[in-house]
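See below for the structure under consideration.
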Amino acid sequence: MLNRCQFIKTYKILSPFFVIVILWKCLSWLLLLLKGVIFPAPEDVVLEFVRYLQGTPIFGHSLAAQIWATIQRWLLGYLLGSLTGLVVGLLCAISEWLAMALYPVVLMLQMVPGLAWIPVAILVVGIGPETSIFMIALATLPPVTIGLMEGIRGVPPEYIYVSRMSGDTAFRRFFMTQLPSALPSFITGMRLALANSWRVVVAAEMVVGTGVGLGYVILQSRWDMNYEAAFVCIGVIVFLGIVIERWGFGRLEKYTVKRWGMLNE
Amino acid sequence: MNKGEVLLERVTLSWKGGDDGRLPVLDDLTLHIQPREFVCILGPSGCGKTTLLHLIAGFQRPSSGRIVVSGKEVSGPGPERAMVFQHSALFPWFTVAGNIGYGLKQGDRGRIKALLQLVGLEEFAGAYPHQLSGGMRQKVSLARALALEPDVLLMDEPFAAIDTFNRERLQDELLRIRAAMGCTIVFVTHNIQEAVYLSDRTIVLSKRPAKITLEQKVDLPFPRRRTDQALWQISQKLYSRCGCCTENAGNAPQ
């Protein structure tokens, strides 16, 4: 038998899935009863998922290819966006003058909904894979810059005092004191950017469809009445998002800010 | 030049704000601290004790007056005036050894080791600050300041957040280290017994704008006994004087 500790661990992992399955099942029964709509039940979706795993293509490509297309786009856009965001954030942190000019622009960008960039993206890079990458990058940039800036603005004055009395150059102070002190806030920015960009990648694929990708499949399933495929894709999207979040940022935090006691668990 | 000598000449500091656009914090403060002297600064909270230390450290500039340390006028922070902060202000991302060695040239491991020995934390060289107790953190903070080989050590209520038992142990450690290092110490506190036990001279500041209301020599040899009658009498005297000076500081006759 499981002991108490193991039970809690298992419960923690499985109970949310129970909630989802129960709510889902109830919804599909209710819809059938009240409106006569055939709503895919969890087990149908699982079966469909198994078929895809065995190699049945969805809308011309295997599930793996669809996933890979989405991840590739997201990764490119995310890297591009966070790198630019990092550079802009560093510029703002180095110079008060640059911050006055650039930071409000970033705050304004933050307020633009990801999908509002569609016409702009089409004008700038045309229709193609670049369109979604452009939009993903724009959704990634603001949280990264803001996270870095707020982190550097929030450096406790004592840290600066210690650095100054130790005779640091401004360069050393920046890299040894201000940047590490800003790390928790910067990582939070990167996480927000991940959530932002992950939403945008799926939405962008729906609108500027390039024939492959999870967002594209979800939209196509509507025309084909293949709703199971849509649910499979939603599940995959959620799963991938959580994996990237947990494995990527969870690890990063474990070896930095958590190890240093800068974050309460 | 006198290494470790601290001179404050008619130092005044005002902040922006208040009724007439300026808020006086320190009012015409003149103070002369001898090399190797241990001076405690007592005063009600918010009177500008910490500000006074920041001025000597060079983190802030006075509105008028002059501050001279070791024969040089203070114009900014420097390693000859090292500070120990109330809440240790250790860098969480460096280990204990990394924090102590922050201001040292790289590879000066011998010096870090000696300082770890001095504060009795050799086994904790590789620990991170959040793994230490409050008292241990203050010891590391002290070692980090001493690593700079300062002429003057500035201490801002370093033991205020530590329980009585450990505070007394830390006070004795500080006295032991002081005997070994021989730098001038300016120690801010609001604990009268602590001030009398530690210092060669205790200076009492009034409420804001701070003036010196009392200077009390403590001419007792080290090591001192906490139960010493003479020590107790000096404390009593300060208690009675501080009681009155904290109540109506601004218009107390000098």
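Identifiers in the structure tokens: chain A, B, ... in order shown; residue index from 1 per chain; ligand index from 1 in order shown.
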Could you write out as a PDB file with N, CA and C atoms, in the first residue's frame the residues of chain A within 8 Å of chain B, counting only C-alpha atoms?
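Result written to out_24.pdb:
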```
ATOM      1  N   GLU A 158      21.641  48.947  -0.359  1.00  0.00           N
ATOM      2  CA  GLU A 158      22.807  48.446   0.378  1.00  0.00           C
ATOM      3  C   GLU A 158      23.773  47.694  -0.542  1.00  0.00           C
ATOM      4  N   TYR A 159      23.227  46.950  -1.514  1.00  0.00           N
ATOM      5  CA  TYR A 159      24.097  46.219  -2.437  1.00  0.00           C
ATOM      6  C   TYR A 159      24.981  47.197  -3.207  1.00  0.00           C
ATOM      7  N   TYR A 161      25.811  50.189  -2.180  1.00  0.00           N
ATOM      8  CA  TYR A 161      26.780  50.750  -1.231  1.00  0.00           C
ATOM      9  C   TYR A 161      27.981  49.818  -1.078  1.00  0.00           C
ATOM     10  N   VAL A 162      27.685  48.522  -0.891  1.00  0.00           N
ATOM     11  CA  VAL A 162      28.780  47.559  -0.707  1.00  0.00           C
ATOM     12  C   VAL A 162      29.697  47.583  -1.921  1.00  0.00           C
ATOM     13  N   SER A 163      29.085  47.586  -3.097  1.00  0.00           N
ATOM     14  CA  SER A 163      29.878  47.607  -4.321  1.00  0.00           C
ATOM     15  C   SER A 163      30.739  48.864  -4.399  1.00  0.00           C
ATOM     16  N   ARG A 164      30.161  50.005  -4.025  1.00  0.00           N
ATOM     17  CA  ARG A 164      30.912  51.258  -4.136  1.00  0.00           C
ATOM     18  C   ARG A 164      32.041  51.319  -3.111  1.00  0.00           C
ATOM     19  N   MET A 165      31.773  50.859  -1.888  1.00  0.00           N
ATOM     20  CA  MET A 165      32.847  50.927  -0.889  1.00  0.00           C
ATOM     21  C   MET A 165      33.945  49.910  -1.195  1.00  0.00           C
ATOM     22  N   SER A 166      33.608  48.870  -1.982  1.00  0.00           N
ATOM     23  CA  SER A 166      34.631  47.905  -2.370  1.00  0.00           C
ATOM     24  C   SER A 166      35.460  48.397  -3.547  1.00  0.00           C
ATOM     25  N   GLY A 167      35.155  49.570  -4.035  1.00  0.00           N
ATOM     26  CA  GLY A 167      35.944  50.152  -5.119  1.00  0.00           C
ATOM     27  C   GLY A 167      35.649  49.567  -6.485  1.00  0.00           C
ATOM     28  N   ASP A 168      34.428  49.074  -6.704  1.00  0.00           N
ATOM     29  CA  ASP A 168      34.058  48.505  -8.008  1.00  0.00           C
ATOM     30  C   ASP A 168      34.046  49.554  -9.114  1.00  0.00           C
ATOM     31  N   THR A 177      26.707  42.740  -9.228  1.00  0.00           N
ATOM     32  CA  THR A 177      25.725  43.140  -8.224  1.00  0.00           C
ATOM     33  C   THR A 177      24.337  43.350  -8.806  1.00  0.00           C
ATOM     34  N   PRO A 180      22.808  40.056 -11.106  1.00  0.00           N
ATOM     35  CA  PRO A 180      22.322  38.926 -10.296  1.00  0.00           C
ATOM     36  C   PRO A 180      21.155  39.305  -9.390  1.00  0.00           C
ATOM     37  N   THR A 256      19.721  28.571  -9.687  1.00  0.00           N
ATOM     38  CA  THR A 256      20.126  29.956  -9.433  1.00  0.00           C
ATOM     39  C   THR A 256      19.369  30.510  -8.234  1.00  0.00           C
ATOM     40  N   VAL A 257      18.256  31.182  -8.493  1.00  0.00           N
ATOM     41  CA  VAL A 257      17.603  31.958  -7.428  1.00  0.00           C
ATOM     42  C   VAL A 257      17.115  31.109  -6.253  1.00  0.00           C
ATOM     43  N   TRP A 260      20.067  30.178  -4.141  1.00  0.00           N
ATOM     44  CA  TRP A 260      20.576  31.335  -3.404  1.00  0.00           C
ATOM     45  C   TRP A 260      19.578  31.863  -2.376  1.00  0.00           C
ATOM     46  N   GLY A 261      18.423  31.207  -2.270  1.00  0.00           N
ATOM     47  CA  GLY A 261      17.440  31.640  -1.295  1.00  0.00           C
ATOM     48  C   GLY A 261      16.781  32.964  -1.644  1.00  0.00           C
ATOM     49  N   MET A 262      16.803  33.330  -2.939  1.00  0.00           N
ATOM     50  CA  MET A 262      16.196  34.604  -3.330  1.00  0.00           C
ATOM     51  C   MET A 262      14.725  34.443  -3.660  1.00  0.00           C
TER      52      MET A 262
END
```
Selection near Ala116 in chain A, 12 Å with only C-alpha atoms, sequence-local residues under 5 positions removed, as an NGL selection string: :A and (109-111 or 121-122 or 135-136 or 138-139 or 200 or 203-204 or 207)
Contacts of range 226-230 of chain B at 9 Å (only C-alpha atoms; same-chain gap of 5+ positions) as number ranges by chain: B: 193, 197, 220, 235
Take the selection from the previous step and output its residues with N, CA and C atoms, as a PDB file, in the first residue's frame.
```pdb
ATOM      1  N   GLN B 193      23.054  50.012  27.033  1.00  0.00           N
ATOM      2  CA  GLN B 193      24.006  49.082  27.642  1.00  0.00           C
ATOM      3  C   GLN B 193      25.055  48.629  26.644  1.00  0.00           C
ATOM      4  N   TYR B 197      29.007  49.227  27.106  1.00  0.00           N
ATOM      5  CA  TYR B 197      29.850  48.039  27.204  1.00  0.00           C
ATOM      6  C   TYR B 197      30.958  48.057  26.149  1.00  0.00           C
ATOM      7  N   LEU B 220      37.046  52.627  31.127  1.00  0.00           N
ATOM      8  CA  LEU B 220      37.223  51.369  31.846  1.00  0.00           C
ATOM      9  C   LEU B 220      38.030  50.424  30.961  1.00  0.00           C
ATOM     10  N   SER B 235      25.717  53.612  32.582  1.00  0.00           N
ATOM     11  CA  SER B 235      24.454  53.307  31.897  1.00  0.00           C
ATOM     12  C   SER B 235      23.297  54.071  32.526  1.00  0.00           C
TER      13      SER B 235
END
```
Filtered DSSP result for range 12-226 of chain B, state alpha helix (DSSP H), as a ChimeraX atom specification: /B:49-57,96-100,109-118,134-147,164-181,192-198
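With only C-alpha atoms as the atoms that count, the residue of B:His190, B:Lys207, B:Arg111, B:Lys139 with the shortest distance to Arg169 in chain B is B:Lys139.
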Can you build me a table of range 110-142 of chain A residues sitting at most 6 Å from range 77-97 of chain A, with the closest atom pair per residue and its distance in Å to one decimal, using only C-alpha atoms, sorted by chain and residue number, as CSV?
```
residue,atom,partner,partner_atom,distance
A:Ile133,CA,A:Gly77,CA,4.5
A:Ile136,CA,A:Gly77,CA,5.0
A:Ala137,CA,A:Gly81,CA,3.9
A:Thr140,CA,A:Gly81,CA,5.0
A:Leu141,CA,A:Gly85,CA,4.4
```
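Of note, CA of Leu205 in chain B and CA of Gly43 in chain B are spaced 4.8 Å apart.
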Which of range 58-241 of chain B fall in strand (DSSP E or B), as an MDAnalysis selection string: chainID B and resid 64:69 72:73 81:84 152:156 184:189 201:205 210 212:217
For Gly151 in chain A: contacts at 12 Å, only C-alpha atoms, fewer than 4 positions along chain excluded, given as a list in words: Gly89, Leu90, Cys92, Ala93, Pro143, Val144, Thr145, Ile146, Gly147, Val155, Pro156, Thr177, Gln178, Leu179, Pro180, Ser181, Ala182, Leu183, Pro184, Ser185, Phe186, Ile187, Thr188 and Gly189 of chain A
Leu175 in chain B environment, 12 Å, only C-alpha atoms, sequence neighbours closer than 3 positions dropped, as a list of chain:residue names: B:Glu37, B:Phe38, B:Val119, B:Glu168, B:Arg169, B:Leu170, B:Gln171, B:Asp172, B:Arg178, B:Ala179, B:Ala180, B:Met181, B:Gly182, B:Cys183, B:Thr184, B:Ile185, B:Glu194, B:Tyr197, B:Leu198, B:Ser199, B:Asp200, B:Pro221, B:Phe222, B:Pro223, B:Arg224
